[in-house]
Amino acid sequence: MTIHRITYSKEPKRANIINYGCNFNCPWCLYRIKTKPEKCDYLTLDEIKDKLNKMNIEGANFLGGEITTYSHLEELTCFTHENLGLYTKIGHTNGYISPPDYIDEIGMNIKCFSNELHKKHTGKSNKPILKNFKNIHDKGVYIKASTVYIPNLVDNEEIKKIAKFIGNIDPKIKFHITGYIKIPRTPWRSPTYDEVLNAKKIAEEYLDNVNFSWYSSSNEYNTKFSKTLGRVTNYSEL
Ligand code: SF4
């Protein structure tokens, strides 16, 4: 039992089913600075089904921590997809565990391409992830990819390898580069706008649909770059 919250989105009309917990140990994880839900906050499978049954929705979005670690995911996605007839989406996953069959769309975050780097920072090999990524695409599931750009860790070389890997599967797969947001007690800085923009250009050598987001604590930067490509968000608003 690790689902602790269900929220409603108006556009598109869907339920967001939010999990707590992950099988990775990324030092840059944003969830580390979030409060762990109390045990009593977790919902049982029957409670989740009951809530979803009563909602006026067209889709179910599964996310939070690493959703594939939720032990009833297969049963729940089968219920939402087959019984309720909803469009099912895994908002984000690290891709280590193969997702259930009842999923229409997946957003997979590829941490890095080099396996040693991946093992060092997440605690797990990335081989199953790369294999799952291709399998999911080959099954006809709509898959999107993303990577967090971290200067001197996951920067241009890694972005290039990831983009090349995805491009070899299908250059039309959407790829999103997120500028790292500095997490306290980590050695890495946030990238500059130009660094992320440059990474986007590198990825575009292999992929047709590359976008990025870059978070700034500076309003001056927001004003300066708000009309350029990519999404620029004030960190303080997150
Ligand atoms: S895979 Fe995602 S949720 Fe899990 S530790 Fe890494 S950043 Fe956090």
# chains A, B, ... in the order shown; residues from 1 in each chain; ligands from 1
$ select_by_dssp --residues "region 165-223 of chain A" --states "strand (DSSP E or B)" --output "list in words"
Phe175, His176, Ile177, Thr178, Gly179, Val210, Asn211, Phe212, Ser213, Trp214, Tyr215 and Ser216 of chain A
$ write_last_selection --atoms "C-alpha atoms" --output "compact mmCIF listing (two decimals), in the first residue's frame"
# COMPACT_ATOMS: atom_id res chain seq x y z
CA PHE A 175 12.41 14.10 -25.67
CA HIS A 176 12.33 16.64 -22.87
CA ILE A 177 15.46 17.99 -21.17
CA THR A 178 14.91 19.39 -17.68
CA GLY A 179 17.47 21.72 -16.17
CA VAL A 210 13.10 18.07 -28.38
CA ASN A 211 11.93 20.49 -25.74
CA PHE A 212 13.30 21.67 -22.43
CA SER A 213 12.51 23.40 -19.20
CA TRP A 214 14.87 25.47 -17.18
CA TYR A 215 14.12 26.79 -13.73
CA SER A 216 15.49 30.08 -12.61
$ residues_around --residues "Gly64 (chain A)" --least-positions-apart "4" --cutoff "6 Å" --atoms "only C-alpha atoms" --output "list in words"
Ile18, Asn19 and Tyr20 of chain A
$ write_last_selection --atoms "N, CA and C atoms" --output "PDB file, in the first residue's frame"
ATOM      1  N   ILE A  18      -1.431   8.965  -6.927  1.00  0.00           N
ATOM      2  CA  ILE A  18      -0.058   9.313  -6.528  1.00  0.00           C
ATOM      3  C   ILE A  18       0.528   8.336  -5.509  1.00  0.00           C
ATOM      4  N   ASN A  19       1.685   7.831  -5.881  1.00  0.00           N
ATOM      5  CA  ASN A  19       2.400   6.808  -5.111  1.00  0.00           C
ATOM      6  C   ASN A  19       3.518   7.450  -4.276  1.00  0.00           C
ATOM      7  N   TYR A  20       3.908   6.754  -3.251  1.00  0.00           N
ATOM      8  CA  TYR A  20       5.106   7.180  -2.506  1.00  0.00           C
ATOM      9  C   TYR A  20       6.115   6.027  -2.508  1.00  0.00           C
TER      10      TYR A  20
END
$ closest_residue --among "A:Val196, A:Leu207, A:Ile143, A:Leu30" --to "ligand 1" --atoms "only C-alpha atoms and all ligand atoms"
A:Leu30
$ residues_around --residues "Lys182 (chain A)" --least-positions-apart "4" --cutoff "10 Å" --atoms "only C-alpha atoms" --output "CSV table (one decimal) with C-alpha atoms, in the first residue's frame"
chain,number,residue,atom,x,y,z
A,28,TRP,CA,19.3,14.7,-6.8
A,29,CYS,CA,15.8,13.4,-6.1
A,30,LEU,CA,13.2,16.1,-5.4
A,150,ILE,CA,23.1,18.1,-14.5
A,186,THR,CA,24.4,17.8,-3.4
A,187,PRO,CA,27.6,18.9,-5.1
A,188,TRP,CA,26.0,19.8,-8.5
A,189,ARG,CA,24.9,23.3,-9.5
A,190,SER,CA,21.9,24.2,-11.7
A,191,PRO,CA,22.7,24.6,-15.4
A,215,TYR,CA,14.1,26.8,-13.7
$ closest_residue --among "A:Gly85, A:Gly21, A:Gly91, A:Pro27" --to "Thr69 (chain A)" --atoms "only C-alpha atoms"
A:Gly21
$ residues_near_ligand --ligand "ligand 1" --cutoff "7 Å" --atoms "only C-alpha atoms and all ligand atoms" --output "list in words"
Cys22, Asn23, Phe24, Asn25, Cys26, Trp28, Cys29, Leu30, Tyr31, Gly65, Glu66, Asn94 and Thr122 of chain A
